[in-house]
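Trainee: Just one file: query.cif, with mmCIF, C-alpha atoms.
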data_my_file
#
loop_
_atom_site.label_atom_id
_atom_site.label_comp_id
_atom_site.auth_asym_id
_atom_site.auth_seq_id
_atom_site.Cartn_x
_atom_site.Cartn_y
_atom_site.Cartn_z
CA MET H 1 22.62 -45.40 -28.69
CA ASN H 2 21.89 -41.76 -28.09
CA ALA H 3 19.81 -40.69 -25.10
CA MET H 4 16.52 -40.65 -27.00
CA GLN H 5 17.02 -44.17 -28.34
CA ARG H 6 18.07 -45.38 -24.89
CA VAL H 7 15.00 -44.00 -23.17
CA LEU H 8 12.53 -45.15 -25.83
CA THR H 9 13.99 -48.66 -25.72
CA ALA H 10 13.71 -48.84 -21.95
CA MET H 11 10.14 -47.53 -22.05
CA SER H 12 9.28 -50.27 -24.55
CA PHE H 13 10.27 -52.80 -21.85
CA ARG H 14 13.41 -53.79 -23.68
CA GLU H 15 17.04 -53.48 -22.63
CA PRO H 16 19.01 -50.62 -24.25
CA ASP H 17 22.78 -50.25 -24.09
CA ARG H 18 22.60 -49.07 -20.48
CA VAL H 19 20.09 -48.02 -17.84
CA PRO H 20 18.85 -44.49 -18.63
CA LEU H 21 19.65 -41.79 -16.07
CA PHE H 22 17.38 -38.84 -15.33
CA LEU H 23 19.09 -36.36 -13.01
CA PHE H 24 16.53 -33.65 -12.32
CA THR H 25 19.00 -30.91 -11.50
CA THR H 26 16.45 -28.13 -11.78
CA LEU H 27 18.21 -25.60 -9.57
CA GLN H 28 21.85 -26.48 -10.17
CA GLY H 29 22.04 -24.60 -13.44
CA ALA H 30 22.10 -21.41 -11.38
CA ARG H 31 25.32 -22.59 -9.73
CA GLU H 32 26.83 -23.48 -13.11
CA LEU H 33 26.19 -19.95 -14.37
CA GLY H 34 27.17 -18.21 -11.13
CA LEU H 35 23.69 -16.78 -10.63
CA SER H 36 21.19 -16.65 -7.80
CA ILE H 37 18.19 -18.93 -8.19
CA ALA H 38 15.93 -15.92 -8.71
CA ASP H 39 18.17 -14.46 -11.42
CA TYR H 40 18.60 -17.84 -13.09
CA PHE H 41 14.87 -18.27 -13.56
CA SER H 42 14.44 -14.73 -14.88
CA ARG H 43 15.56 -15.56 -18.44
CA PRO H 44 14.89 -18.59 -20.64
CA ASP H 45 18.37 -18.53 -22.16
CA TYR H 46 19.88 -18.90 -18.69
CA VAL H 47 17.81 -22.00 -17.95
CA ALA H 48 18.49 -23.54 -21.35
CA GLU H 49 22.23 -22.97 -20.99
CA GLY H 50 22.15 -24.37 -17.46
CA GLN H 51 20.41 -27.51 -18.66
CA MET H 52 22.93 -27.98 -21.46
CA ARG H 53 25.90 -27.62 -19.11
CA LEU H 54 24.41 -30.07 -16.63
CA LEU H 55 23.68 -32.55 -19.42
CA ARG H 56 27.33 -32.53 -20.45
CA LYS H 57 28.61 -32.58 -16.89
CA TYR H 58 26.57 -35.48 -15.49
CA ARG H 59 25.92 -37.39 -18.74
CA GLY H 60 22.23 -37.84 -18.08
CA ASP H 61 19.58 -38.84 -20.57
CA CYS H 62 17.18 -35.91 -20.47
CA VAL H 63 16.89 -32.16 -20.08
CA SER H 64 13.94 -30.32 -18.61
CA GLY H 65 12.11 -27.10 -19.28
CA PHE H 66 10.72 -27.14 -15.75
CA TYR H 67 11.38 -24.05 -13.61
CA TYR H 68 9.55 -24.56 -10.30
CA ALA H 69 6.10 -25.76 -9.28
CA ALA H 70 4.91 -22.40 -7.98
CA LEU H 71 5.35 -20.90 -11.45
CA GLU H 72 1.87 -22.16 -12.24
CA LEU H 73 0.46 -20.36 -9.21
CA GLN H 74 2.22 -17.20 -10.41
CA ALA H 75 0.49 -17.57 -13.76
CA TRP H 76 -2.84 -17.63 -11.90
CA GLY H 77 -1.92 -14.34 -10.18
CA GLY H 78 -0.28 -15.75 -7.07
CA GLU H 79 3.00 -14.84 -5.41
CA VAL H 80 6.24 -16.79 -5.16
CA ILE H 81 8.85 -16.64 -2.39
CA PHE H 82 12.46 -17.04 -3.49
CA GLN H 83 15.14 -18.45 -1.19
CA PRO H 84 18.88 -18.73 -1.88
CA ASP H 85 19.15 -22.51 -1.52
CA CYS H 86 15.82 -24.19 -2.30
CA PRO H 87 13.04 -24.18 -4.88
CA PRO H 88 10.83 -21.09 -4.91
CA ASN H 89 7.77 -21.60 -2.72
CA ALA H 90 4.14 -20.65 -3.25
CA GLY H 91 2.93 -17.53 -1.48
CA PRO H 92 -0.59 -16.87 -0.16
CA ALA H 93 -3.55 -18.78 -1.59
CA ILE H 94 -5.45 -17.21 -4.47
CA ILE H 95 -8.68 -18.99 -3.46
CA ARG H 96 -9.31 -17.59 0.00
CA LYS H 97 -12.79 -19.04 0.43
CA ALA H 98 -14.66 -21.76 -1.43
CA GLU H 99 -17.03 -19.24 -2.98
CA ASP H 100 -14.11 -17.77 -4.93
CA ILE H 101 -14.23 -20.86 -7.15
CA ASP H 102 -17.57 -19.71 -8.57
CA GLY H 103 -15.90 -16.82 -10.42
CA LEU H 104 -12.48 -18.37 -10.97
CA GLN H 105 -10.97 -18.14 -14.44
CA ALA H 106 -7.82 -19.84 -15.67
CA PRO H 107 -5.00 -17.80 -17.21
CA SER H 108 -4.37 -17.98 -20.93
CA VAL H 109 -1.11 -19.83 -21.57
CA ALA H 110 -0.47 -17.84 -24.75
CA ASP H 111 -0.86 -14.54 -22.90
CA SER H 112 1.27 -15.38 -19.85
CA PRO H 113 4.81 -13.91 -19.88
CA LEU H 114 5.80 -16.31 -17.08
CA LEU H 115 4.71 -19.43 -18.93
CA SER H 116 6.26 -18.08 -22.12
CA ARG H 117 9.68 -18.29 -20.45
CA THR H 118 9.30 -22.04 -20.10
CA LEU H 119 8.11 -22.38 -23.68
CA GLU H 120 11.08 -20.38 -24.95
CA THR H 121 13.44 -22.53 -22.86
CA ILE H 122 12.00 -25.65 -24.46
CA ARG H 123 12.35 -24.12 -27.94
CA LEU H 124 16.00 -23.25 -27.22
CA LEU H 125 16.73 -26.77 -26.00
CA LYS H 126 15.00 -28.26 -29.03
CA SER H 127 17.09 -26.11 -31.37
CA ARG H 128 20.27 -27.40 -29.76
CA LEU H 129 19.37 -31.05 -29.21
CA GLY H 130 16.86 -31.92 -31.90
CA ASP H 131 15.61 -35.46 -31.30
CA THR H 132 18.80 -36.79 -29.69
CA VAL H 133 17.85 -36.15 -26.05
CA PRO H 134 14.38 -36.22 -24.47
CA ILE H 135 13.15 -32.76 -23.45
CA LEU H 136 10.70 -33.01 -20.59
CA GLY H 137 7.87 -30.62 -19.91
CA THR H 138 5.98 -30.57 -16.63
CA VAL H 139 2.47 -29.75 -15.44
CA ILE H 140 0.96 -29.83 -11.99
CA SER H 141 -2.06 -32.11 -12.15
CA PRO H 142 -5.49 -30.49 -11.91
CA PHE H 143 -6.08 -32.58 -8.80
CA SER H 144 -2.89 -31.46 -7.01
CA LEU H 145 -2.76 -27.80 -8.09
CA PRO H 146 -5.42 -26.75 -5.51
CA VAL H 147 -2.92 -27.36 -2.70
CA MET H 148 -1.19 -24.20 -3.92
CA GLN H 149 -4.37 -22.46 -5.06
CA MET H 150 -6.21 -22.69 -1.73
CA GLY H 151 -4.08 -24.51 0.86
CA PHE H 152 -4.09 -28.15 1.85
CA ASP H 153 -6.59 -27.93 4.70
CA HIS H 154 -9.19 -25.98 2.75
CA TYR H 155 -8.75 -28.27 -0.26
CA LEU H 156 -9.42 -31.39 1.80
CA GLU H 157 -12.55 -29.74 3.15
CA LEU H 158 -13.64 -28.99 -0.42
CA ILE H 159 -13.11 -32.61 -1.49
CA HIS H 160 -15.21 -33.98 1.34
CA GLU H 161 -17.85 -31.29 1.80
CA GLN H 162 -18.47 -29.43 -1.49
CA PRO H 163 -18.54 -31.85 -4.44
CA ASP H 164 -20.17 -29.37 -6.81
CA ARG H 165 -17.47 -26.75 -6.32
CA LEU H 166 -14.81 -29.46 -6.54
CA THR H 167 -16.25 -30.47 -9.91
CA ARG H 168 -16.09 -26.87 -11.15
CA LEU H 169 -12.52 -26.40 -9.93
CA MET H 170 -11.42 -29.63 -11.60
CA ARG H 171 -12.99 -28.59 -14.90
CA ILE H 172 -11.18 -25.24 -14.85
CA ASN H 173 -7.89 -26.81 -13.80
CA GLU H 174 -8.16 -29.60 -16.37
CA ASP H 175 -8.63 -27.15 -19.22
CA PHE H 176 -5.61 -25.14 -18.06
CA CYS H 177 -3.46 -28.24 -17.58
CA VAL H 178 -4.24 -29.55 -21.05
CA GLU H 179 -3.54 -26.17 -22.68
CA TRP H 180 -0.28 -25.84 -20.75
CA ALA H 181 0.90 -29.39 -21.53
CA ASN H 182 0.09 -29.12 -25.22
CA ALA H 183 1.84 -25.75 -25.48
CA GLN H 184 5.01 -27.36 -24.12
CA LEU H 185 4.72 -30.24 -26.56
CA ALA H 186 4.21 -27.81 -29.44
CA ALA H 187 7.33 -25.92 -28.34
CA GLY H 188 9.40 -29.10 -28.62
CA ALA H 189 8.94 -31.14 -25.45
CA THR H 190 9.18 -34.88 -25.98
CA ALA H 191 6.93 -35.86 -23.09
CA ILE H 192 5.12 -34.37 -20.11
CA GLY H 193 5.66 -35.07 -16.44
CA TYR H 194 2.29 -35.05 -14.65
CA ALA H 195 3.05 -34.06 -11.05
CA ASP H 196 0.25 -35.49 -8.91
CA PRO H 197 1.38 -35.94 -5.29
CA VAL H 198 -2.13 -35.64 -3.82
CA SER H 199 -3.11 -38.85 -5.62
CA SER H 200 -0.49 -40.85 -3.71
CA VAL H 201 -1.77 -43.19 -1.03
CA THR H 202 0.58 -41.32 1.28
CA VAL H 203 -1.93 -38.46 1.06
CA ILE H 204 -5.35 -39.99 0.34
CA PRO H 205 -6.66 -43.59 0.50
CA ARG H 206 -7.02 -45.57 -2.70
CA GLU H 207 -10.83 -45.51 -2.46
CA LEU H 208 -10.83 -41.72 -2.56
CA TYR H 209 -8.26 -41.64 -5.38
CA LEU H 210 -10.52 -43.83 -7.51
CA LYS H 211 -13.34 -41.31 -7.04
CA THR H 212 -11.28 -38.17 -7.54
CA GLY H 213 -7.67 -38.12 -8.74
CA GLN H 214 -7.95 -41.05 -11.12
CA PRO H 215 -10.98 -39.78 -13.11
CA VAL H 216 -9.31 -36.37 -13.35
CA ALA H 217 -6.13 -37.99 -14.67
CA LYS H 218 -8.04 -40.12 -17.19
CA ARG H 219 -9.84 -37.11 -18.63
CA THR H 220 -6.74 -34.92 -18.65
CA LEU H 221 -4.22 -37.38 -20.07
CA ALA H 222 -6.63 -38.32 -22.86
CA ARG H 223 -6.45 -34.71 -24.12
CA ILE H 224 -2.67 -34.29 -23.94
CA ASN H 225 -1.04 -34.69 -27.35
CA GLY H 226 1.99 -36.72 -26.28
CA PRO H 227 3.30 -39.28 -23.81
CA VAL H 228 2.87 -38.58 -20.11
CA ALA H 229 4.60 -39.92 -16.99
CA THR H 230 2.97 -39.52 -13.60
CA HIS H 231 5.09 -38.45 -10.64
CA LEU H 232 3.87 -38.63 -7.07
CA ALA H 233 6.77 -36.59 -5.61
CA SER H 234 8.02 -39.13 -3.07
CA GLY H 235 4.54 -40.50 -2.31
CA ARG H 236 3.79 -44.22 -2.08
CA CYS H 237 2.12 -45.91 -5.04
CA LEU H 238 2.32 -49.73 -4.82
CA SER H 239 -1.38 -50.26 -4.14
CA ILE H 240 -2.44 -48.00 -7.06
CA ILE H 241 0.04 -49.04 -9.76
CA ASP H 242 -2.65 -50.70 -11.86
CA ASP H 243 -4.95 -47.72 -11.30
CA ILE H 244 -2.29 -45.28 -12.52
CA ALA H 245 -1.58 -47.46 -15.55
CA ALA H 246 -5.30 -47.26 -16.35
CA THR H 247 -5.08 -43.46 -16.67
CA GLY H 248 -2.92 -43.79 -19.79
CA SER H 249 0.32 -42.84 -18.08
CA ALA H 250 3.44 -44.39 -19.63
CA GLY H 251 5.74 -43.94 -16.63
CA LEU H 252 5.64 -43.51 -12.88
CA GLY H 253 8.02 -41.72 -10.54
CA VAL H 254 8.36 -43.94 -7.46
CA SER H 255 9.27 -43.37 -3.84
CA ALA H 256 12.29 -44.45 -1.81
CA LEU H 257 9.76 -45.45 0.87
CA GLU H 258 8.80 -48.59 -1.08
CA ASP H 259 10.87 -51.54 -2.24
CA LEU H 260 11.98 -51.08 -5.83
CA ALA H 261 11.98 -54.78 -6.68
CA THR H 262 8.38 -55.10 -5.49
CA LEU H 263 7.37 -52.05 -7.49
CA LYS H 264 9.10 -53.39 -10.59
CA ALA H 265 7.29 -56.71 -10.36
CA ALA H 266 3.95 -54.92 -10.03
CA ALA H 267 4.61 -52.49 -12.89
CA GLN H 268 6.36 -54.77 -15.39
CA GLY H 269 4.87 -54.37 -18.86
CA LYS H 270 2.49 -51.63 -17.67
CA LEU H 271 4.54 -48.66 -16.48
CA THR H 272 8.17 -47.64 -16.76
CA LEU H 273 9.46 -46.89 -13.27
CA ILE H 274 11.43 -43.69 -12.70
CA GLY H 275 13.33 -43.58 -9.42
CA ASN H 276 14.02 -44.15 -6.62
CA LEU H 277 17.23 -42.70 -5.15
CA ASN H 278 16.55 -40.82 -1.92
CA GLY H 279 17.22 -37.15 -2.69
CA ILE H 280 17.13 -36.07 0.95
CA GLU H 281 19.60 -38.74 2.11
CA MET H 282 21.69 -38.00 -0.98
CA ARG H 283 22.86 -34.79 0.66
CA ARG H 284 24.92 -36.89 3.09
CA TRP H 285 26.09 -39.69 0.82
CA THR H 286 29.75 -40.40 0.31
CA THR H 287 30.82 -41.25 -3.22
CA GLU H 288 31.08 -44.89 -2.14
CA GLN H 289 27.52 -44.89 -0.82
CA ALA H 290 26.27 -43.23 -3.99
CA GLU H 291 27.76 -46.09 -5.99
CA ARG H 292 26.18 -48.67 -3.67
CA GLU H 293 22.76 -47.06 -3.95
CA VAL H 294 22.94 -46.96 -7.75
CA LYS H 295 24.10 -50.57 -7.91
CA THR H 296 21.29 -51.70 -5.60
CA ALA H 297 18.61 -49.87 -7.60
CA ILE H 298 19.83 -51.33 -10.88
CA ALA H 299 19.97 -54.82 -9.39
CA LYS H 300 16.37 -54.51 -8.21
CA ALA H 301 14.77 -52.96 -11.29
CA GLY H 302 17.19 -52.87 -14.23
CA ARG H 303 16.54 -56.18 -15.93
CA GLY H 304 14.05 -56.26 -18.78
CA GLY H 305 13.94 -52.53 -19.35
CA GLY H 306 11.03 -50.52 -18.01
CA PHE H 307 13.33 -48.63 -15.65
CA VAL H 308 14.94 -45.20 -15.56
CA LEU H 309 17.27 -44.42 -12.68
CA SER H 310 16.44 -41.11 -11.03
CA ASP H 311 15.80 -39.53 -7.66
CA ASN H 312 12.55 -40.27 -5.86
CA HIS H 313 11.11 -36.75 -5.79
CA GLY H 314 11.74 -35.36 -9.26
CA GLU H 315 14.12 -32.65 -8.10
CA ILE H 316 17.67 -32.91 -6.74
CA PRO H 317 18.11 -30.70 -3.64
CA TRP H 318 20.48 -27.74 -3.93
CA GLN H 319 22.56 -29.15 -1.06
CA VAL H 320 23.58 -32.38 -2.82
CA PRO H 321 27.33 -32.12 -3.55
CA GLU H 322 28.58 -32.18 -7.12
CA GLU H 323 30.84 -35.09 -6.18
CA THR H 324 27.79 -37.16 -5.27
CA LEU H 325 26.05 -36.45 -8.57
CA MET H 326 29.23 -37.28 -10.43
CA ALA H 327 29.52 -40.53 -8.48
CA ILE H 328 25.95 -41.44 -9.47
CA ALA H 329 26.73 -40.81 -13.13
CA ASP H 330 29.96 -42.82 -12.92
CA ALA H 331 28.17 -45.71 -11.21
CA VAL H 332 25.54 -45.87 -13.93
CA GLU H 333 28.31 -46.14 -16.52
CA ARG H 334 29.96 -48.91 -14.51
CA TRP H 335 26.98 -50.96 -13.35
CA GLY H 336 24.21 -50.02 -15.79
CA ARG H 337 25.58 -51.56 -18.98
CA TYR H 338 23.42 -54.31 -20.45
CA PRO H 339 23.40 -57.23 -20.19
CA LEU H 340 23.46 -56.96 -16.39
CA ASP H 341 25.41 -60.18 -15.96
CA TRP H 342 26.80 -59.16 -12.57
CA ILE H 343 23.37 -59.46 -10.91
CA GLU H 344 23.06 -62.76 -9.10
#
Turn the structure described in the file into structure tokens.

Mentor:
Amino acid sequence: MNAMQRVLTAMSFREPDRVPLFLFTTLQGARELGLSIADYFSRPDYVAEGQMRLLRKYRGDCVSGFYYAALELQAWGGEVIFQPDCPPNAGPAIIRKAEDIDGLQAPSVADSPLLSRTLETIRLLKSRLGDTVPILGTVISPFSLPVMQMGFDHYLELIHEQPDRLTRLMRINEDFCVEWANAQLAAGATAIGYADPVSSVTVIPRELYLKTGQPVAKRTLARINGPVATHLASGRCLSIIDDIAATGSAGLGVSALEDLATLKAAAQGKLTLIGNLNGIEMRRWTTEQAEREVKTAIAKAGRGGGFVLSDNHGEIPWQVPEETLMAIADAVERWGRYPLDWIE
């Protein structure tokens, strides 16, 4: 099987030749090309070449057009802070007071040079890979984007105290998210990752999610012209698995804070799980521990398909050694071959 066949089989809740591996090495392409992170993200051909080198090196089953989350804030007119060893961070809020929402307008995807870089990266990857390897696009959910747009504290106040302005902000963000997702699909992305950490029960209770994040996701996903996987960026999800499945999501990125076997039982036949290796702890793993962690994850969730091995956050930290990533890839080859007869 090639990577595309492997992933599609697993997401159909059947067993492919081996467990698919998604290594979200977003930043590591800079190291491969000998560039700073800021320089790496300055040109689409750099990012495409970085993704291709990492695909060959670690033998994963996807590539990504994703740059960094704060790119969306940049497209809205915000600032981004670059550091030498971590993802670029969002600068000051663009919504400084709730009243700013009344005149807020979304950027045009087609007219944004920043967003065009991502689209060109996806086109370059598509030209090189065709339909043999999934190419993943990414959007920040309309419900989670306001954390960057206005700051977490002010956003929570908006949710609880100004429902009319929240409704307007969601409408604007939904339209932008749909346009952005569909532009990536048109450029050649196979599927879209819907980053929605605020919807996790780590952040808000399920009752509030059902009134806010879930209706937003239902409306948004229904307008996206391709498959979508929700990612909660390390947040807990067990109590809302059925609720997330009801949004139309095909997959779910799951946290290392919850038991993978329990999650698999709850999601079986409804959502493909993507996870849940601990990216923070991964920085300190030995190669032997990396193999143990991979073996444990496969034992808990590998049988019956519906599982993609990945990290729990959707982005491998810069500080994770190459030897660890190589050990993860080697362990998948050793322990991820179906049938998984070694599992007791």

Trainee: What separation in Å, quoted to one decimal, exists between CA of Tyr155 in chain H and CA of Asp102 in chain H?

Mentor: 14.8 Å

Trainee: Between range 279-339 of chain H and range 11-22 of chain H, at 8 Å or less, what are the per-residue closest atom pairs and their distances in Å? Count all atoms listed in the file, order by chain and rising residue number, and return it as JSON lines.

Mentor:
{"residue": "H:Ile298", "atom": "CA", "partner": "H:Val19", "partner_atom": "CA", "distance": 7.7}
{"residue": "H:Gly302", "atom": "CA", "partner": "H:Val19", "partner_atom": "CA", "distance": 6.7}
{"residue": "H:Arg303", "atom": "CA", "partner": "H:Glu15", "partner_atom": "CA", "distance": 7.2}
{"residue": "H:Gly304", "atom": "CA", "partner": "H:Arg14", "partner_atom": "CA", "distance": 5.5}
{"residue": "H:Gly305", "atom": "CA", "partner": "H:Phe13", "partner_atom": "CA", "distance": 4.4}
{"residue": "H:Gly306", "atom": "CA", "partner": "H:Phe13", "partner_atom": "CA", "distance": 4.5}
{"residue": "H:Phe307", "atom": "CA", "partner": "H:Val19", "partner_atom": "CA", "distance": 7.1}
{"residue": "H:Val308", "atom": "CA", "partner": "H:Pro20", "partner_atom": "CA", "distance": 5.0}
{"residue": "H:Leu309", "atom": "CA", "partner": "H:Leu21", "partner_atom": "CA", "distance": 4.9}
{"residue": "H:Ser310", "atom": "CA", "partner": "H:Phe22", "partner_atom": "CA", "distance": 5.0}
{"residue": "H:Asp311", "atom": "CA", "partner": "H:Phe22", "partner_atom": "CA", "distance": 7.9}
{"residue": "H:Ala329", "atom": "CA", "partner": "H:Leu21", "partner_atom": "CA", "distance": 7.7}
{"residue": "H:Val332", "atom": "CA", "partner": "H:Val19", "partner_atom": "CA", "distance": 7.0}
{"residue": "H:Glu333", "atom": "CA", "partner": "H:Arg18", "partner_atom": "CA", "distance": 7.5}
{"residue": "H:Gly336", "atom": "CA", "partner": "H:Val19", "partner_atom": "CA", "distance": 5.0}
{"residue": "H:Arg337", "atom": "CA", "partner": "H:Arg18", "partner_atom": "CA", "distance": 4.2}
{"residue": "H:Tyr338", "atom": "CA", "partner": "H:Arg18", "partner_atom": "CA", "distance": 5.3}
{"residue": "H:Pro339", "atom": "CA", "partner": "H:Glu15", "partner_atom": "CA", "distance": 7.8}

Trainee: Written as a PyMOL selection string, which residues does the PyMOL selection byres ((chain H and resi 94) around 6) give for the file shown?

Mentor: chain H and resi 78+93+95-96+149

Trainee: Have a look at H:Ala222, H:Leu252, H:Ala110, H:Ala181 and name the one nearest to Arg236 in chain H; count all atoms listed in the file.

Mentor: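 Answer, going by the shortest atom-to-atom distance: H:Leu252.
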
Trainee: Between range 111-159 of chain H and range 65-68 of chain H, at 7 Å or less, what are the per-residue closest atom pairs and their distances in Å? Count all atoms listed in the file, order by chain and rising residue number, and return it as a tab-separated table.

Mentor:
residue	atom	partner	partner_atom	distance
H:Thr118	CA	H:Gly65	CA	5.8
H:Thr121	CA	H:Gly65	CA	6.0
H:Ile122	CA	H:Gly65	CA	5.4
H:Leu136	CA	H:Gly65	CA	6.2
H:Gly137	CA	H:Gly65	CA	5.5
H:Thr138	CA	H:Phe66	CA	5.9

Trainee: For CA of Gln51 in chain H and CA of Leu325 in chain H, determine how far apart the two atoms are, in Å to one decimal place.

Mentor: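 Separation between CA of Gln51 in chain H and CA of Leu325 in chain H: 14.6 Å.
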
Trainee: Taking all atoms of range 335-339 of chain H that appear in the file, build a box with edges along x, y and z, extend it by 5 Å on every side, and state its centre and edge lengths in Å to one decimal, as AutoDock Vina command-line options.

Mentor:
--center_x 25.2 --center_y -53.6 --center_z -16.9 --size_x 13.6 --size_y 17.2 --size_z 17.1

Trainee: Determine the residue membership of the PyMOL selection byres ((chain H and resi 60-63) around 9) for the file above and supply it as a VMD selection string.

Mentor: chain H and resid 2 to 4 6 to 7 20 to 25 48 51 to 52 54 to 59 64 to 65 125 133 to 136 329

Trainee: For each of H:Cys237, H:Ala191, H:Leu158, H:Leu277, take the minimum atom-to-atom distance to Thr296 in chain H, counting only C-alpha atoms, then give the residue where this is smallest.

Mentor: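 Nearest to Thr296 in chain H: H:Leu277.
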
Trainee: List the spatial neighbours of Ile316 in chain H as a PDB file with C-alpha atoms, in the coordinates of the input - criterion: any atom at most 12 Å away, all atoms listed in the file, same-chain residues fewer than 6 positions off excluded.

Mentor:
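Resulting contents of out_12.pdb:
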ATOM      1  CA  PHE H  22      17.380 -38.840 -15.330  1.00  0.00           C
ATOM      2  CA  LEU H  23      19.090 -36.360 -13.010  1.00  0.00           C
ATOM      3  CA  PHE H  24      16.530 -33.650 -12.320  1.00  0.00           C
ATOM      4  CA  THR H  25      19.000 -30.910 -11.500  1.00  0.00           C
ATOM      5  CA  THR H  26      16.450 -28.130 -11.780  1.00  0.00           C
ATOM      6  CA  LEU H  27      18.210 -25.600  -9.570  1.00  0.00           C
ATOM      7  CA  GLN H  28      21.850 -26.480 -10.170  1.00  0.00           C
ATOM      8  CA  GLY H  29      22.040 -24.600 -13.440  1.00  0.00           C
ATOM      9  CA  ASP H  85      19.150 -22.510  -1.520  1.00  0.00           C
ATOM     10  CA  CYS H  86      15.820 -24.190  -2.300  1.00  0.00           C
ATOM     11  CA  PRO H  87      13.040 -24.180  -4.880  1.00  0.00           C
ATOM     12  CA  ALA H 233       6.770 -36.590  -5.610  1.00  0.00           C
ATOM     13  CA  GLY H 275      13.330 -43.580  -9.420  1.00  0.00           C
ATOM     14  CA  ASN H 276      14.020 -44.150  -6.620  1.00  0.00           C
ATOM     15  CA  LEU H 277      17.230 -42.700  -5.150  1.00  0.00           C
ATOM     16  CA  ASN H 278      16.550 -40.820  -1.920  1.00  0.00           C
ATOM     17  CA  GLY H 279      17.220 -37.150  -2.690  1.00  0.00           C
ATOM     18  CA  ILE H 280      17.130 -36.070   0.950  1.00  0.00           C
ATOM     19  CA  GLU H 281      19.600 -38.740   2.110  1.00  0.00           C
ATOM     20  CA  MET H 282      21.690 -38.000  -0.980  1.00  0.00           C
ATOM     21  CA  ARG H 283      22.860 -34.790   0.660  1.00  0.00           C
ATOM     22  CA  SER H 310      16.440 -41.110 -11.030  1.00  0.00           C
ATOM     23  CA  GLU H 322      28.580 -32.180  -7.120  1.00  0.00           C
ATOM     24  CA  THR H 324      27.790 -37.160  -5.270  1.00  0.00           C
ATOM     25  CA  LEU H 325      26.050 -36.450  -8.570  1.00  0.00           C
TER      26      LEU H 325
END

Trainee: Assuming the chain letters and numbering stay as they are in my file, what does the PyMOL selection byres ((chain H and resi 140) around 9) actually select? List them as a PDB file with C-alpha atoms, in the frame of the given file.

Mentor:
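Ended up saving to expr.pdb:
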ATOM      1  CA  ALA H  69       6.100 -25.760  -9.280  1.00  0.00           C
ATOM      2  CA  GLU H  72       1.870 -22.160 -12.240  1.00  0.00           C
ATOM      3  CA  THR H 138       5.980 -30.570 -16.630  1.00  0.00           C
ATOM      4  CA  VAL H 139       2.470 -29.750 -15.440  1.00  0.00           C
ATOM      5  CA  SER H 141      -2.060 -32.110 -12.150  1.00  0.00           C
ATOM      6  CA  PRO H 142      -5.490 -30.490 -11.910  1.00  0.00           C
ATOM      7  CA  PHE H 143      -6.080 -32.580  -8.800  1.00  0.00           C
ATOM      8  CA  SER H 144      -2.890 -31.460  -7.010  1.00  0.00           C
ATOM      9  CA  LEU H 145      -2.760 -27.800  -8.090  1.00  0.00           C
ATOM     10  CA  CYS H 177      -3.460 -28.240 -17.580  1.00  0.00           C
ATOM     11  CA  GLY H 193       5.660 -35.070 -16.440  1.00  0.00           C
ATOM     12  CA  TYR H 194       2.290 -35.050 -14.650  1.00  0.00           C
ATOM     13  CA  ALA H 195       3.050 -34.060 -11.050  1.00  0.00           C
ATOM     14  CA  ASP H 196       0.250 -35.490  -8.910  1.00  0.00           C
TER      15      ASP H 196
END

Trainee: Could you please determine the separation between CA of Glu288 in chain H and CA of Asp341 in chain H in Å, to one decimal place?

Mentor: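 Atom-to-atom, CA of Glu288 in chain H to CA of Asp341 in chain H, that is 21.4 Å.
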